[in-house]
$ cat model.cif   # mmCIF, C-alpha atoms and all ligand atoms
data_entry
#
loop_
_atom_site.label_atom_id
_atom_site.label_comp_id
_atom_site.auth_asym_id
_atom_site.auth_seq_id
_atom_site.Cartn_x
_atom_site.Cartn_y
_atom_site.Cartn_z
CA MET T 28 -69.99 -43.72 -140.50
CA THR T 29 -70.12 -40.95 -137.86
CA PRO T 30 -68.60 -37.72 -139.22
CA ALA T 31 -65.43 -36.49 -137.50
CA PRO T 32 -66.17 -33.85 -134.86
CA THR T 33 -65.60 -30.22 -135.86
CA VAL T 34 -63.82 -29.52 -132.59
CA ARG T 35 -61.80 -32.04 -130.61
CA ILE T 36 -60.24 -30.97 -127.33
CA GLU T 37 -58.00 -33.23 -125.27
CA GLY T 38 -56.45 -32.56 -121.87
CA LEU T 39 -56.69 -28.79 -122.23
CA GLY T 40 -55.30 -26.70 -119.39
CA LEU T 41 -54.89 -22.98 -118.87
CA ARG T 42 -53.83 -20.99 -115.82
CA TYR T 43 -54.08 -17.28 -115.12
CA GLY T 44 -51.31 -17.00 -112.51
CA ARG T 45 -52.46 -19.25 -109.66
CA THR T 46 -56.01 -19.72 -111.02
CA ALA T 47 -56.61 -22.88 -113.05
CA ALA T 48 -59.25 -21.56 -115.48
CA LEU T 49 -59.27 -24.89 -117.38
CA ASP T 50 -58.07 -28.15 -115.90
CA ASP T 51 -57.71 -31.25 -118.10
CA VAL T 52 -60.71 -30.45 -120.31
CA SER T 53 -61.61 -33.01 -122.98
CA LEU T 54 -64.61 -32.49 -125.25
CA ALA T 55 -65.63 -33.21 -128.82
CA PHE T 56 -68.55 -31.83 -130.77
CA GLY T 57 -69.83 -31.49 -134.32
CA ASP T 58 -72.76 -30.07 -136.26
CA GLY T 59 -75.72 -28.69 -134.33
CA VAL T 60 -75.82 -26.44 -131.28
CA THR T 61 -73.70 -27.39 -128.27
CA GLY T 62 -74.22 -25.41 -125.06
CA LEU T 63 -71.67 -24.70 -122.36
CA LEU T 64 -73.23 -24.17 -118.96
CA GLY T 65 -71.43 -23.17 -115.77
CA ARG T 66 -71.51 -20.62 -113.03
CA ASN T 67 -69.49 -17.40 -113.05
CA GLY T 68 -65.79 -18.14 -113.36
CA ALA T 69 -66.31 -21.78 -114.46
CA GLY T 70 -64.00 -21.29 -117.47
CA LYS T 71 -66.55 -20.93 -120.28
CA THR T 72 -65.17 -17.74 -121.84
CA THR T 73 -61.62 -19.06 -121.60
CA LEU T 74 -62.61 -22.25 -123.44
CA LEU T 75 -64.48 -20.32 -126.15
CA ARG T 76 -61.55 -17.97 -126.64
CA ILE T 77 -59.22 -20.93 -127.12
CA VAL T 78 -61.57 -22.60 -129.65
CA ALA T 79 -61.86 -19.25 -131.46
CA THR T 80 -58.02 -19.05 -131.62
CA ALA T 81 -58.02 -15.82 -129.59
CA MET T 82 -55.69 -17.42 -127.06
CA ALA T 83 -53.55 -20.54 -126.76
CA PRO T 84 -53.78 -23.17 -124.00
CA ASP T 85 -50.88 -24.01 -121.70
CA ARG T 86 -51.45 -27.72 -122.13
CA GLY T 87 -53.41 -30.21 -124.21
CA THR T 88 -54.28 -30.68 -127.86
CA LEU T 89 -56.92 -29.04 -129.97
CA SER T 90 -58.22 -29.72 -133.45
CA VAL T 91 -60.65 -27.23 -135.00
CA LEU T 92 -62.17 -27.89 -138.43
CA GLY T 93 -59.39 -30.41 -138.98
CA HIS T 94 -56.62 -27.89 -138.27
CA ASP T 95 -54.20 -27.33 -135.42
CA PRO T 96 -54.58 -23.77 -134.05
CA GLY T 97 -51.18 -24.23 -132.39
CA THR T 98 -49.55 -23.51 -135.76
CA ALA T 99 -49.70 -20.18 -137.64
CA ALA T 100 -51.02 -21.92 -140.81
CA GLY T 101 -53.63 -23.81 -138.77
CA ARG T 102 -54.85 -20.62 -137.05
CA LEU T 103 -55.22 -18.89 -140.40
CA GLU T 104 -57.28 -21.78 -141.81
CA VAL T 105 -59.53 -21.84 -138.73
CA ARG T 106 -60.04 -18.06 -138.73
CA ARG T 107 -61.15 -18.16 -142.36
CA ARG T 108 -64.00 -20.51 -141.49
CA LEU T 109 -64.89 -19.27 -138.01
CA GLY T 110 -67.45 -16.75 -136.74
CA TYR T 111 -66.92 -15.47 -133.18
CA LEU T 112 -69.26 -13.41 -131.06
CA PRO T 113 -67.20 -12.39 -128.02
CA GLN T 114 -68.74 -11.51 -124.64
CA ASP T 115 -68.01 -7.84 -125.18
CA PRO T 116 -67.86 -7.17 -128.95
CA GLY T 117 -66.27 -3.69 -128.58
CA PHE T 118 -68.28 -1.73 -131.14
CA TYR T 119 -67.23 1.50 -132.78
CA ARG T 120 -70.34 3.29 -131.64
CA ARG T 121 -70.19 5.96 -134.34
CA PHE T 122 -70.24 3.36 -137.10
CA THR T 123 -73.54 2.42 -138.65
CA ALA T 124 -74.58 -1.25 -138.47
CA PHE T 125 -73.52 -1.58 -142.12
CA GLU T 126 -70.13 0.06 -141.55
CA PHE T 127 -69.38 -2.13 -138.54
CA VAL T 128 -70.18 -5.38 -140.35
CA GLU T 129 -68.35 -4.18 -143.46
CA TYR T 130 -65.29 -3.46 -141.35
CA VAL T 131 -65.38 -7.08 -140.15
CA ALA T 132 -65.85 -8.25 -143.75
CA ILE T 133 -62.71 -6.32 -144.76
CA LEU T 134 -60.77 -8.07 -141.99
CA GLN T 135 -62.19 -11.35 -143.33
CA GLU T 136 -60.53 -10.58 -146.68
CA PHE T 137 -63.70 -9.78 -148.62
CA GLY T 138 -61.59 -7.67 -150.96
CA HIS T 139 -63.95 -7.01 -153.85
CA ARG T 140 -66.20 -4.06 -152.94
CA ARG T 141 -69.40 -5.20 -154.63
CA GLU T 142 -69.10 -8.77 -153.34
CA ARG T 143 -68.34 -7.44 -149.86
CA ARG T 144 -71.35 -5.12 -149.77
CA ALA T 145 -73.64 -7.93 -150.91
CA GLU T 146 -72.30 -10.14 -148.12
CA VAL T 147 -72.86 -7.40 -145.50
CA LEU T 148 -76.45 -6.93 -146.67
CA ARG T 149 -76.98 -10.70 -146.66
CA VAL T 150 -75.89 -11.16 -143.03
CA LEU T 151 -77.78 -8.07 -141.83
CA ALA T 152 -80.92 -9.47 -143.48
CA ALA T 153 -80.24 -12.89 -141.90
CA VAL T 154 -80.45 -11.33 -138.42
CA GLY T 155 -83.50 -9.23 -139.35
CA LEU T 156 -81.63 -5.92 -139.53
CA ALA T 157 -81.97 -5.08 -143.23
CA ASP T 158 -83.89 -1.90 -142.36
CA ALA T 159 -81.44 -0.79 -139.68
CA ALA T 160 -78.29 -0.96 -141.84
CA LYS T 161 -77.89 2.83 -141.88
CA LYS T 162 -78.52 3.35 -138.16
CA LYS T 163 -75.62 4.25 -135.94
CA ILE T 164 -74.65 1.56 -133.42
CA LYS T 165 -75.01 4.03 -130.55
CA ALA T 166 -78.68 4.58 -131.49
CA LEU T 167 -79.55 0.84 -131.43
CA SER T 168 -81.13 -1.07 -128.54
CA GLY T 169 -79.09 -3.74 -126.72
CA GLY T 170 -80.91 -6.51 -128.57
CA MET T 171 -80.27 -4.91 -131.95
CA ARG T 172 -76.60 -4.42 -131.12
CA GLN T 173 -76.38 -8.08 -130.20
CA ARG T 174 -77.84 -8.89 -133.61
CA VAL T 175 -75.27 -6.66 -135.32
CA ALA T 176 -72.55 -8.61 -133.47
CA LEU T 177 -74.10 -11.88 -134.64
CA ALA T 178 -74.30 -10.56 -138.22
CA ALA T 179 -70.57 -9.78 -138.03
CA ALA T 180 -69.93 -13.35 -136.84
CA LEU T 181 -71.89 -14.70 -139.84
CA VAL T 182 -69.76 -12.96 -142.49
CA GLY T 183 -68.42 -15.52 -144.94
CA ASP T 184 -70.91 -18.23 -143.87
CA PRO T 185 -68.58 -19.83 -141.29
CA ALA T 186 -68.61 -23.58 -140.69
CA LEU T 187 -68.08 -22.98 -136.96
CA LEU T 188 -69.82 -20.33 -134.86
CA VAL T 189 -68.57 -19.55 -131.35
CA LEU T 190 -71.04 -17.44 -129.37
CA ASP T 191 -70.21 -16.19 -125.87
CA GLU T 192 -73.45 -15.59 -123.94
CA PRO T 193 -75.39 -14.51 -127.06
CA THR T 194 -78.69 -13.96 -125.20
CA VAL T 195 -77.34 -11.97 -122.25
CA GLY T 196 -79.17 -8.72 -121.60
CA LEU T 197 -82.02 -9.48 -123.99
CA ASP T 198 -85.66 -9.10 -123.01
CA PRO T 199 -87.84 -12.25 -123.21
CA GLU T 200 -89.14 -11.47 -126.70
CA GLN T 201 -85.70 -10.67 -128.07
CA ARG T 202 -84.32 -13.79 -126.43
CA LEU T 203 -86.98 -15.87 -128.15
CA ARG T 204 -86.18 -14.34 -131.53
CA PHE T 205 -82.47 -14.83 -130.97
CA ARG T 206 -83.07 -18.46 -130.07
CA GLU T 207 -84.98 -19.01 -133.31
CA LEU T 208 -82.12 -17.45 -135.22
CA ILE T 209 -79.42 -19.53 -133.54
CA ALA T 210 -81.42 -22.77 -133.86
CA GLY T 211 -81.59 -22.15 -137.63
CA LEU T 212 -77.85 -21.50 -137.76
CA GLY T 213 -77.17 -24.87 -136.12
CA GLU T 214 -78.54 -26.68 -139.16
CA GLY T 215 -75.57 -27.91 -141.17
CA ARG T 216 -72.91 -26.15 -139.12
CA THR T 217 -71.33 -26.33 -135.70
CA VAL T 218 -72.42 -23.80 -133.09
CA LEU T 219 -70.81 -23.62 -129.66
CA LEU T 220 -72.40 -21.19 -127.23
CA SER T 221 -72.03 -20.36 -123.56
CA THR T 222 -74.95 -19.29 -121.45
CA HIS T 223 -76.31 -19.02 -117.92
CA GLN T 224 -79.82 -19.64 -119.23
CA THR T 225 -80.90 -23.23 -118.74
CA GLU T 226 -83.94 -22.46 -120.90
CA ASP T 227 -81.62 -21.54 -123.79
CA VAL T 228 -79.95 -24.93 -123.47
CA MET T 229 -83.22 -26.85 -123.24
CA SER T 230 -84.77 -25.15 -126.25
CA LEU T 231 -81.68 -24.75 -128.45
CA CYS T 232 -78.97 -27.25 -127.80
CA HIS T 233 -78.73 -30.87 -128.86
CA ARG T 234 -75.68 -31.36 -126.62
CA VAL T 235 -74.62 -29.70 -123.41
CA ALA T 236 -71.42 -29.64 -121.39
CA VAL T 237 -71.26 -28.34 -117.83
CA LEU T 238 -68.04 -26.73 -116.66
CA ASP T 239 -67.30 -26.17 -113.00
CA GLN T 240 -64.03 -24.75 -111.66
CA GLY T 241 -62.35 -25.42 -114.98
CA LYS T 242 -63.40 -29.08 -115.19
CA VAL T 243 -66.01 -30.82 -117.33
CA ARG T 244 -68.65 -32.12 -114.92
CA PHE T 245 -71.14 -33.39 -117.48
CA GLU T 246 -71.43 -34.02 -121.19
CA GLY T 247 -74.62 -35.30 -122.81
CA THR T 248 -78.03 -34.24 -124.06
CA PRO T 249 -80.18 -31.65 -122.23
CA THR T 250 -82.68 -34.41 -121.39
CA GLU T 251 -79.91 -36.51 -119.86
CA LEU T 252 -78.85 -33.51 -117.76
CA ALA T 253 -82.44 -33.09 -116.50
CA ARG T 254 -82.57 -36.81 -115.69
CA LEU T 255 -79.74 -36.44 -113.16
CA ALA T 256 -82.49 -35.06 -110.88
CA ASP T 257 -84.87 -37.98 -111.45
CA GLY T 258 -86.48 -38.85 -108.11
CA ARG T 259 -84.93 -35.76 -106.49
CA VAL T 260 -87.66 -33.17 -107.04
CA TRP T 261 -90.90 -33.22 -105.11
CA SER T 262 -93.88 -31.12 -104.24
CA ALA T 263 -94.85 -30.54 -100.60
CA PRO T 264 -96.95 -28.17 -98.53
CA ALA T 265 -93.79 -26.74 -96.91
CA ARG T 266 -90.12 -26.06 -97.60
CA ALA T 267 -88.12 -29.24 -96.83
CA GLU T 268 -85.37 -29.14 -94.25
CA GLY T 269 -81.96 -29.61 -95.96
CA ALA T 270 -83.24 -29.19 -99.56
CA LEU T 271 -80.64 -27.92 -102.09
CA ALA T 272 -83.32 -25.53 -103.30
CA ALA T 273 -86.96 -24.97 -102.45
CA TRP T 274 -89.44 -22.37 -103.58
CA ARG T 275 -93.12 -21.63 -103.33
CA THR T 276 -94.88 -22.16 -106.64
CA GLY T 277 -97.81 -20.19 -108.01
CA ALA T 278 -100.07 -23.05 -106.86
CA GLY T 279 -99.04 -22.38 -103.24
CA THR T 280 -97.07 -25.64 -102.76
CA TYR T 281 -93.29 -25.90 -102.42
CA ARG T 282 -91.10 -27.40 -105.09
CA ASN T 283 -88.16 -29.02 -103.32
CA VAL T 284 -84.91 -30.31 -104.85
CA GLY T 285 -82.68 -32.65 -102.84
CA THR T 286 -83.27 -35.94 -101.01
CA PRO T 287 -87.04 -36.53 -100.76
CA PRO T 288 -88.66 -38.13 -97.72
CA PRO T 289 -90.34 -41.56 -98.18
CA GLY T 290 -93.65 -41.32 -100.04
CA ALA T 291 -92.89 -37.81 -101.37
CA ASP T 292 -94.97 -36.49 -104.26
CA LEU T 293 -92.24 -36.64 -106.94
CA VAL T 294 -92.40 -34.29 -109.93
CA GLU T 295 -90.71 -34.29 -113.34
CA PRO T 296 -87.25 -32.67 -113.09
CA THR T 297 -86.16 -29.85 -115.38
CA LEU T 298 -82.71 -29.24 -116.81
CA GLU T 299 -82.23 -26.61 -114.10
CA ASP T 300 -82.81 -29.26 -111.42
CA GLY T 301 -80.25 -31.58 -113.03
CA TYR T 302 -77.77 -28.72 -113.25
CA LEU T 303 -78.34 -27.88 -109.59
CA MET T 304 -77.77 -31.49 -108.52
CA LEU T 305 -74.54 -31.48 -110.48
CA VAL T 306 -72.97 -28.25 -109.28
CA ASP T 307 -74.16 -28.68 -105.70
CA THR T 308 -72.58 -32.10 -105.21
CA SER T 309 -68.92 -32.90 -105.48
CA ALA T 310 -69.16 -35.86 -107.85
CA GLU T 311 -66.67 -36.76 -110.54
CA ALA T 312 -67.43 -35.92 -114.19
CA VAL T 313 -70.72 -37.47 -115.24
CA SER T 314 -71.05 -38.76 -118.78
CA ALA T 315 -74.49 -39.61 -120.04
N1 LIG I 1 -57.42 -12.15 -117.68
C1 LIG I 1 -57.55 -12.86 -116.55
N2 LIG I 1 -56.65 -12.74 -115.56
C2 LIG I 1 -56.75 -13.47 -114.41
N3 LIG I 1 -57.76 -14.35 -114.16
C3 LIG I 1 -58.68 -14.49 -115.11
C4 LIG I 1 -58.65 -13.76 -116.35
N4 LIG I 1 -59.72 -14.11 -117.10
C5 LIG I 1 -60.41 -15.02 -116.37
N5 LIG I 1 -59.80 -15.25 -115.18
C6 LIG I 1 -60.22 -16.22 -114.14
O1 LIG I 1 -60.31 -17.50 -114.76
C7 LIG I 1 -61.45 -18.19 -114.32
C8 LIG I 1 -62.34 -18.55 -115.51
O2 LIG I 1 -62.86 -17.34 -116.08
P1 LIG I 1 -63.84 -17.32 -117.35
O3 LIG I 1 -64.05 -15.88 -117.71
O4 LIG I 1 -63.31 -18.23 -118.38
O5 LIG I 1 -65.17 -17.94 -116.72
P2 LIG I 1 -66.69 -17.89 -117.26
O6 LIG I 1 -67.23 -19.25 -117.00
O7 LIG I 1 -66.72 -17.40 -118.65
O8 LIG I 1 -67.35 -16.82 -116.29
P3 LIG I 1 -68.64 -15.85 -116.56
O9 LIG I 1 -69.83 -16.76 -116.59
O10 LIG I 1 -68.61 -14.98 -115.34
O11 LIG I 1 -68.38 -15.12 -117.84
C9 LIG I 1 -62.11 -17.30 -113.27
O12 LIG I 1 -61.65 -17.68 -112.00
C10 LIG I 1 -61.62 -15.91 -113.63
O13 LIG I 1 -61.59 -15.10 -112.49
#

$ encode --input "model.cif" --output "structure tokens"
Amino acid sequence: MTPAPTVRIEGLGLRYGRTAALDDVSLAFGDGVTGLLGRNGAGKTTLLRIVATAMAPDRGTLSVLGHDPGTAAGRLEVRRRLGYLPQDPGFYRRFTAFEFVEYVAILQEFGHRRERRAEVLRVLAAVGLADAAKKKIKALSGGMRQRVALAAALVGDPALLVLDEPTVGLDPEQRLRFRELIAGLGEGRTVLLSTHQTEDVMSLCHRVAVLDQGKVRFEGTPTELARLADGRVWSAPARAEGALAAWRTGAGTYRNVGTPPPGADLVEPTLEDGYLMLVDTSAEAVSA
């Protein structure tokens, strides 16, 4: 029997004044890492905030960890089992890493001092910051601060982790380490993350949803997303007229994405190519 999804969203809508940030969004996902891709303003943060119970939708139904966040009792249950890394965590810069995470642990009702301190040390160690516990937040690098924010989200070993652009601003090495960390967290729990990095999705996520102008344009595996560009990527000595994208590769040839001419030298598409095909054409939602 397939386990019930951790999050089930049906017909979700939310407007900010005249802007429809989410328009009839339906999605369901369970254990493992699910990625949300979409350009700026697609509605990713709004959707994550709703799943994390930080705001309520105007329309639609939502079930998170078997509870209805539309009720006060449901929100409380969800918040007890949820870890949320917002886009802008809003640190108290004078706090040390330990103090910041402990503050979150207090809000999470870790009342007993000794138990709470052990939990703070556990999550700091989990993100590789055991040695930086006494450092002030303001003295940490961007990557280390991002890890402190993740440690805070891990307090209480949540069943659901909601991460808004967790790898933004990280250098390539930090991004790699962060990916390793998040991939491990996806084992036996549900992780929902938003990102602009197609590489993050390819290397981390077992499912991906693409949002565009508040609508779900694709839901499937990363490989299925890449396959949307099957037969649409080719190599040529020059940039092709009318290509959606074309660039000169290190080998000196051009990699073109679009409608290839007859006999074109087709190449294997990447997830980025599939994403480009999707957001640059005005098709209906694609389900793989
Ligand atoms: N507080 C707000 N007031 C008015 N409009 C808003 C507000 N927050 C978001 N929006 C609008 O809602 C839409 C969706 O925004 P959202 O932040 O959810 O997108 P996003 O996909 O997370 O974008 P980004 O990748 O830039 O973070 C955008 O058009 C945005 O301008």

$ residues_around --input "model.cif" --residues "segment 124-133 of chain T" --least-positions-apart "4" --cutoff "9 Å" --atoms "only C-alpha atoms" --output "NGL selection string"
:T and (118-120 or 137-138 or 143-144 or 146-148 or 150-151 or 156 or 159-164 or 167 or 172 or 175-176 or 178-180 or 182-183)

$ residues_around --input "model.cif" --residues "Lys71 of chain T" --least-positions-apart "2" --cutoff "12 Å" --atoms "all atoms listed in the file" --output "VMD selection string"
chain T and resid 41 48 to 50 52 62 to 69 73 to 78 113 to 114 189 to 192 219 to 223 236 to 243

$ closest_residue --input "model.cif" --among "T:Ala99, T:Ala47, T:Ala152, T:Leu187" --to "ligand LIG 1 (chain I)" --atoms "only C-alpha atoms and all ligand atoms"
T:Ala47

$ residues_around --input "model.cif" --residues "Gly285 of chain T" --least-positions-apart "2" --cutoff "6 Å" --atoms "only C-alpha atoms" --output "list in words"
Arg259, Ala270 and Leu271 of chain T

$ write_last_selection --input "model.cif" --atoms "C-alpha atoms" --output "CSV table (one decimal), in the frame of the given file"
chain,number,residue,atom,x,y,z
T,259,ARG,CA,-84.9,-35.8,-106.5
T,270,ALA,CA,-83.2,-29.2,-99.6
T,271,LEU,CA,-80.6,-27.9,-102.1

$ atom_distance --input "model.cif" --atom1 "atom CA of Asp300 of chain T" --atom2 "atom CA of Thr286 of chain T"
12.4 Å

$ residues_near_point --input "model.cif" --point "(-80.0, -13.5, -125.4)" --cutoff "12 Å" --atoms "all atoms listed in the file" --output "PyMOL selection string"
chain T and resi 114+169-174+177+190-209+220-228+231

$ residues_around --input "model.cif" --residues "Ala272 of chain T" --least-positions-apart "6" --cutoff "9 Å" --atoms "only C-alpha atoms" --output "ChimeraX atom specification"
/T:266,282-285,300,303

$ closest_residue --input "model.cif" --among "T:Leu293, T:Leu181, T:Ala256, T:Ala100" --to "Asp307 of chain T" --atoms "only C-alpha atoms"
T:Ala256

$ closest_residue --input "model.cif" --among "T:Val60, T:Met82, T:Leu92, T:Val218" --to "ligand LIG 1 (chain I)" --atoms "only C-alpha atoms and all ligand atoms"
T:Met82

$ closest_residue --input "model.cif" --among "T:Asp58, T:Glu37, T:Asp95, T:Glu142" --to "Arg234 of chain T" --atoms "all atoms listed in the file"
T:Asp58

$ decode --input "model.cif" --residues "segment 125-156 of chain T" --atoms "N, CA and C atoms" --output "PDB file, in the first residue's frame"
ATOM      1  N   PHE T 125      24.699  29.050  19.357  1.00  0.00           N
ATOM      2  CA  PHE T 125      24.005  28.260  20.380  1.00  0.00           C
ATOM      3  C   PHE T 125      22.765  29.001  20.885  1.00  0.00           C
ATOM      4  N   GLU T 126      22.969  30.292  21.225  1.00  0.00           N
ATOM      5  CA  GLU T 126      21.852  31.061  21.794  1.00  0.00           C
ATOM      6  C   GLU T 126      20.684  31.177  20.811  1.00  0.00           C
ATOM      7  N   PHE T 127      21.026  31.355  19.523  1.00  0.00           N
ATOM      8  CA  PHE T 127      19.955  31.493  18.532  1.00  0.00           C
ATOM      9  C   PHE T 127      19.136  30.200  18.439  1.00  0.00           C
ATOM     10  N   VAL T 128      19.855  29.075  18.334  1.00  0.00           N
ATOM     11  CA  VAL T 128      19.138  27.799  18.193  1.00  0.00           C
ATOM     12  C   VAL T 128      18.386  27.471  19.494  1.00  0.00           C
ATOM     13  N   GLU T 129      18.995  27.827  20.624  1.00  0.00           N
ATOM     14  CA  GLU T 129      18.310  27.561  21.894  1.00  0.00           C
ATOM     15  C   GLU T 129      17.011  28.373  22.003  1.00  0.00           C
ATOM     16  N   TYR T 130      17.084  29.594  21.499  1.00  0.00           N
ATOM     17  CA  TYR T 130      15.897  30.457  21.510  1.00  0.00           C
ATOM     18  C   TYR T 130      14.756  29.780  20.732  1.00  0.00           C
ATOM     19  N   VAL T 131      15.124  29.214  19.564  1.00  0.00           N
ATOM     20  CA  VAL T 131      14.123  28.492  18.765  1.00  0.00           C
ATOM     21  C   VAL T 131      13.620  27.268  19.538  1.00  0.00           C
ATOM     22  N   ALA T 132      14.532  26.587  20.223  1.00  0.00           N
ATOM     23  CA  ALA T 132      14.144  25.393  20.995  1.00  0.00           C
ATOM     24  C   ALA T 132      13.164  25.769  22.114  1.00  0.00           C
ATOM     25  N   ILE T 133      13.361  26.940  22.706  1.00  0.00           N
ATOM     26  CA  ILE T 133      12.432  27.397  23.758  1.00  0.00           C
ATOM     27  C   ILE T 133      11.041  27.607  23.152  1.00  0.00           C
ATOM     28  N   LEU T 134      11.024  28.245  21.957  1.00  0.00           N
ATOM     29  CA  LEU T 134       9.735  28.455  21.286  1.00  0.00           C
ATOM     30  C   LEU T 134       9.084  27.125  20.926  1.00  0.00           C
ATOM     31  N   GLN T 135       9.926  26.116  20.689  1.00  0.00           N
ATOM     32  CA  GLN T 135       9.417  24.777  20.348  1.00  0.00           C
ATOM     33  C   GLN T 135       9.036  23.967  21.587  1.00  0.00           C
ATOM     34  N   GLU T 136       8.989  24.639  22.732  1.00  0.00           N
ATOM     35  CA  GLU T 136       8.533  24.027  23.986  1.00  0.00           C
ATOM     36  C   GLU T 136       9.497  22.993  24.549  1.00  0.00           C
ATOM     37  N   PHE T 137      10.801  23.132  24.251  1.00  0.00           N
ATOM     38  CA  PHE T 137      11.777  22.288  24.930  1.00  0.00           C
ATOM     39  C   PHE T 137      12.005  22.905  26.300  1.00  0.00           C
ATOM     40  N   GLY T 138      11.128  22.582  27.252  1.00  0.00           N
ATOM     41  CA  GLY T 138      11.122  23.271  28.528  1.00  0.00           C
ATOM     42  C   GLY T 138      12.281  22.916  29.447  1.00  0.00           C
ATOM     43  N   HIS T 139      12.632  21.648  29.495  1.00  0.00           N
ATOM     44  CA  HIS T 139      13.644  21.195  30.441  1.00  0.00           C
ATOM     45  C   HIS T 139      15.034  21.609  29.962  1.00  0.00           C
ATOM     46  N   ARG T 140      15.780  22.354  30.819  1.00  0.00           N
ATOM     47  CA  ARG T 140      17.013  22.998  30.385  1.00  0.00           C
ATOM     48  C   ARG T 140      18.043  22.004  29.840  1.00  0.00           C
ATOM     49  N   ARG T 141      18.252  20.927  30.585  1.00  0.00           N
ATOM     50  CA  ARG T 141      19.306  19.995  30.177  1.00  0.00           C
ATOM     51  C   ARG T 141      18.964  19.304  28.855  1.00  0.00           C
ATOM     52  N   GLU T 142      17.701  18.918  28.750  1.00  0.00           N
ATOM     53  CA  GLU T 142      17.220  18.262  27.519  1.00  0.00           C
ATOM     54  C   GLU T 142      17.332  19.236  26.330  1.00  0.00           C
ATOM     55  N   ARG T 143      16.996  20.501  26.610  1.00  0.00           N
ATOM     56  CA  ARG T 143      17.032  21.518  25.558  1.00  0.00           C
ATOM     57  C   ARG T 143      18.460  21.743  25.068  1.00  0.00           C
ATOM     58  N   ARG T 144      19.391  21.860  26.004  1.00  0.00           N
ATOM     59  CA  ARG T 144      20.784  22.118  25.621  1.00  0.00           C
ATOM     60  C   ARG T 144      21.343  20.946  24.823  1.00  0.00           C
ATOM     61  N   ALA T 145      20.964  19.739  25.200  1.00  0.00           N
ATOM     62  CA  ALA T 145      21.437  18.558  24.467  1.00  0.00           C
ATOM     63  C   ALA T 145      20.898  18.585  23.032  1.00  0.00           C
ATOM     64  N   GLU T 146      19.639  19.014  22.903  1.00  0.00           N
ATOM     65  CA  GLU T 146      19.033  19.069  21.561  1.00  0.00           C
ATOM     66  C   GLU T 146      19.732  20.133  20.696  1.00  0.00           C
ATOM     67  N   VAL T 147      20.061  21.281  21.312  1.00  0.00           N
ATOM     68  CA  VAL T 147      20.741  22.350  20.555  1.00  0.00           C
ATOM     69  C   VAL T 147      22.101  21.851  20.081  1.00  0.00           C
ATOM     70  N   LEU T 148      22.819  21.175  20.962  1.00  0.00           N
ATOM     71  CA  LEU T 148      24.142  20.656  20.573  1.00  0.00           C
ATOM     72  C   LEU T 148      24.004  19.585  19.492  1.00  0.00           C
ATOM     73  N   ARG T 149      22.948  18.775  19.579  1.00  0.00           N
ATOM     74  CA  ARG T 149      22.740  17.730  18.586  1.00  0.00           C
ATOM     75  C   ARG T 149      22.534  18.342  17.193  1.00  0.00           C
ATOM     76  N   VAL T 150      21.655  19.351  17.096  1.00  0.00           N
ATOM     77  CA  VAL T 150      21.372  19.901  15.758  1.00  0.00           C
ATOM     78  C   VAL T 150      22.553  20.719  15.228  1.00  0.00           C
ATOM     79  N   LEU T 151      23.289  21.382  16.130  1.00  0.00           N
ATOM     80  CA  LEU T 151      24.475  22.117  15.653  1.00  0.00           C
ATOM     81  C   LEU T 151      25.503  21.127  15.120  1.00  0.00           C
ATOM     82  N   ALA T 152      25.656  19.984  15.794  1.00  0.00           N
ATOM     83  CA  ALA T 152      26.592  18.960  15.310  1.00  0.00           C
ATOM     84  C   ALA T 152      26.108  18.389  13.976  1.00  0.00           C
ATOM     85  N   ALA T 153      24.789  18.237  13.840  1.00  0.00           N
ATOM     86  CA  ALA T 153      24.226  17.656  12.603  1.00  0.00           C
ATOM     87  C   ALA T 153      24.553  18.506  11.382  1.00  0.00           C
ATOM     88  N   VAL T 154      24.675  19.827  11.579  1.00  0.00           N
ATOM     89  CA  VAL T 154      24.999  20.706  10.437  1.00  0.00           C
ATOM     90  C   VAL T 154      26.493  21.055  10.413  1.00  0.00           C
ATOM     91  N   GLY T 155      27.272  20.349  11.231  1.00  0.00           N
ATOM     92  CA  GLY T 155      28.729  20.541  11.224  1.00  0.00           C
ATOM     93  C   GLY T 155      29.188  21.810  11.913  1.00  0.00           C
ATOM     94  N   LEU T 156      28.401  22.281  12.885  1.00  0.00           N
ATOM     95  CA  LEU T 156      28.759  23.542  13.557  1.00  0.00           C
ATOM     96  C   LEU T 156      29.060  23.356  15.044  1.00  0.00           C
TER      97      LEU T 156
END
